[in-house]
Amino acid sequence: MNTLNIGDLSIPLPLIQGGMGVGVSLSGLAAAVANEGGVGVISSAGLGLLYKKFSNDFLEASILGLKEELRKAREKSSGVIGVNIMVAMSNFTDMVKTAISEKADIIFAGAGLPLDLPSFLKKDSVTKLAPIVSSGRAAKIICEKWKKNYDYLPDAIVVEGPKAGGHLGFKPEQIEDENYSLEKLIPEVVKEVKQFEETYNKQIPVIAAGGIYTGEDIYNIMQLGASGVQMGTRFVTTEECDASPEFKQSYIDARSEDIEIIKSPVGMPGRAITSNFLEKVKQGKRQPLQCPFQCIKTCEISSSPYCIITALISALKGNFEKGYAFCGSNAFKATSITTVKELVQNLIDEFKATVKNKLEISRRDSRPIGTERNSNS
């Protein structure tokens with residue numbers, strides 16, 4: 001695998017660990033991935049609840065919680081640490097400003113178009129900016145707006161396909177449509193980005209995300225123009241993942257038919273593992289009494305069947321009577337708990353085996369007719 005360069009950051013392993021909230025990817029997982037040469041990512045979602053001991057005010061606790069998680073990650077690793085911040089979060093601005101002031105290496109921003117993200121950078125800022133998109137059109141819009149308004153282009157772009165876990169940037173009918181597959185999206189985004197790279201002489205690596213599970217998957221998607229990959233689901237069943245053992249076990253126990261597309265209270269489709277909680281939601285037995293956090297801009301309490309942040313935190317702690325686990329399309333393939341080091345090595349071995357196999361096939365196919373038979377005689 002080639003080194004991934006994002007701005008002046010040289011990343012030995014072109015692998016980004018996806019930001020998973022609430023609380024699934026914090027400093028523990030992020031530091032472990034960074035130590036293996038990839039990019040470890042802290043999810044900023046719901047930190048106000050996870051760190052409510054710091055403050056009774058959700059927004060203040062979120063800021064303090066992000067500072068604490070970045071501090072912990074830096075204590076455990078000298079590698080590259082990023083922060084995932086959803087545009088749809090009501091405290092998006094606070095989280096971005098905090099990540100930049102705390103010198104996070106990269107901000108990954110999705111769940112909406114982060115059109116004003118460069119406005120938060122200062123002259124001495126070192127944080128790189130990587131929007132998450134689900135189409136070539138979105139990538140083009142961001143590049144145009146950023147360049148025009150801030151004379152800035154993305155340091156990288158993450159393309160998240162419909163097989164990803166959690167909230168998806170697609171309409172329900174597009175999720176199974178091959179025209180919106182990651183394999184279709186990557187060449188489209190690469191084509192759009194290339195125009196800006198050539199015009200402004202800046203490298204903008206395109207990162208593929210959503211449904212990537214094996215080293216062979218990594219090889220195949222990089223052949224389509226991706227400079228690296230983002231993987232979330234695969235890292236859940238590691239010892240270092242910050243979720244509870246029960247949360248991890250839900251992945252191991254899941255069957256293919258247990259993974260479903262749900263309608264999230266935030267107004268987007270999402271992929272999750274079915275649970276007793278979700279079954280009760282379908283039956284209309286769940287209704288929030290109030291909204292104490294106002295964590296998502298698009299979440300309307302009057303029509304929401306439940307509070308998503310409390311549901312995700314319940315699942316994080318292993319309580320599936322009151323919550324559910326988001327997951328990618330391949331979560332059912334997990335069979336055991338491993339370590340980040342073992343997982344990364346396994347991915348590298350699979351990648352190398354794929355390269356070797358492709359080379360052997362290429363050599364065999366390029367031999368003159370009869371060569372192979374004569375050489376074996």
# chains A, B, ... in the order shown; residues from 1 in each chain; ligands from 1
$ select_by_dssp --residues "range 191-273 of chain A" --states "strand (DSSP E)" --output "list in words"
Val206, Ile207, Ala208, Ala209, Gly228, Val229, Gln230, Met231, Ile259, Glu260, Ile261, Ile262, Lys263, Pro269, Gly270, Arg271, Ala272 and Ile273 of chain A
$ closest_atom_pairs --of "range 228-327 of chain A" --to "range 140-163 of chain A" --cutoff "12 Å" --atoms "only C-alpha atoms" --output "CSV"
residue,atom,partner,partner_atom,distance
A:Gly228,CA,A:Val158,CA,9.2
A:Val229,CA,A:Val158,CA,8.3
A:Gln230,CA,A:Val158,CA,7.8
A:Met231,CA,A:Glu160,CA,10.2
A:Gly232,CA,A:Glu160,CA,11.3
A:Thr233,CA,A:Lys163,CA,10.6
A:Ile259,CA,A:Lys163,CA,11.1
A:Glu260,CA,A:Lys163,CA,11.1
A:Ile261,CA,A:Lys163,CA,10.3
A:Pro269,CA,A:Pro162,CA,10.1
A:Gly270,CA,A:Pro162,CA,9.5
A:Arg271,CA,A:Lys163,CA,8.2
A:Ala272,CA,A:Lys163,CA,11.1
A:Phe326,CA,A:Lys163,CA,11.9
A:Cys327,CA,A:Lys163,CA,9.4
$ write_last_selection --atoms "N, CA and C atoms" --output "CSV table (one decimal), in the first residue's frame"
chain,number,residue,atom,x,y,z
A,228,GLY,N,-7.0,6.1,-0.8
A,228,GLY,CA,-7.0,5.4,0.5
A,228,GLY,C,-8.5,5.0,0.8
A,229,VAL,N,-8.6,4.4,2.0
A,229,VAL,CA,-10.0,3.9,2.4
A,229,VAL,C,-10.3,4.4,3.8
A,230,GLN,N,-11.6,4.4,4.0
A,230,GLN,CA,-12.1,4.6,5.4
A,230,GLN,C,-12.9,3.4,5.8
A,231,MET,N,-12.6,2.9,7.0
A,231,MET,CA,-13.3,1.7,7.5
A,231,MET,C,-13.8,1.9,8.9
A,232,GLY,N,-15.0,1.6,9.2
A,232,GLY,CA,-15.6,1.8,10.5
A,232,GLY,C,-16.0,0.5,11.1
A,233,THR,N,-16.9,-0.2,10.5
A,233,THR,CA,-17.5,-1.4,11.0
A,233,THR,C,-16.4,-2.4,11.4
A,259,ILE,N,-29.6,-7.0,9.6
A,259,ILE,CA,-29.1,-5.6,9.3
A,259,ILE,C,-30.2,-4.9,8.4
A,260,GLU,N,-30.7,-3.8,8.8
A,260,GLU,CA,-31.8,-3.2,8.2
A,260,GLU,C,-31.6,-1.7,8.0
A,261,ILE,N,-32.3,-1.1,7.0
A,261,ILE,CA,-32.3,0.3,6.8
A,261,ILE,C,-33.5,0.9,7.6
A,269,PRO,N,-32.1,8.2,6.1
A,269,PRO,CA,-32.0,6.7,6.3
A,269,PRO,C,-30.8,6.3,7.0
A,270,GLY,N,-30.8,5.2,7.7
A,270,GLY,CA,-29.6,4.8,8.4
A,270,GLY,C,-29.6,3.3,8.4
A,271,ARG,N,-28.4,2.7,8.5
A,271,ARG,CA,-28.2,1.2,8.6
A,271,ARG,C,-27.9,0.8,10.0
A,272,ALA,N,-28.6,-0.2,10.5
A,272,ALA,CA,-28.5,-0.6,11.9
A,272,ALA,C,-28.8,-2.1,12.0
A,326,PHE,N,-25.8,1.2,15.2
A,326,PHE,CA,-25.5,1.4,13.7
A,326,PHE,C,-24.4,0.5,13.3
A,327,CYS,N,-24.4,0.2,12.0
A,327,CYS,CA,-23.4,-0.7,11.5
A,327,CYS,C,-23.3,-0.6,9.9
$ select_by_dssp --residues "range 62-307 of chain A" --states "helix (DSSP H, G or I)" --output "NGL selection string"
:A and (62-76 or 92-101 or 117-120 or 136-150 or 172-174 or 178-180 or 182-200 or 215-222 or 233-236 or 245-253 or 256-258 or 276-282)
$ residues_around --residues "range 65-70 of chain A" --least-positions-apart "6" --cutoff "6 Å" --atoms "only C-alpha atoms" --output "list in words"
Ser27, Leu47 and Tyr51 of chain A
$ write_last_selection --atoms "N, CA and C atoms" --output "compact mmCIF listing (two decimals), in the first residue's frame"
# COMPACT_ATOMS: atom_id res chain seq x y z
N SER A 27 -10.89 8.07 22.04
CA SER A 27 -9.42 8.10 22.07
C SER A 27 -8.79 6.72 22.07
N LEU A 47 -20.78 13.81 22.86
CA LEU A 47 -19.79 13.94 23.93
C LEU A 47 -20.34 14.70 25.14
N TYR A 51 -19.73 13.17 28.76
CA TYR A 51 -18.93 13.96 29.70
C TYR A 51 -19.79 14.91 30.51
$ closest_residue --among "A:Gln223, A:Ser78, A:Ser135, A:Gln203" --to "Tyr180 in chain A" --atoms "only C-alpha atoms"
A:Ser135
$ closest_residue --among "A:Thr3, A:Thr127, A:Asn319, A:Thr310" --to "Asn276 in chain A" --atoms "only C-alpha atoms"
A:Asn319
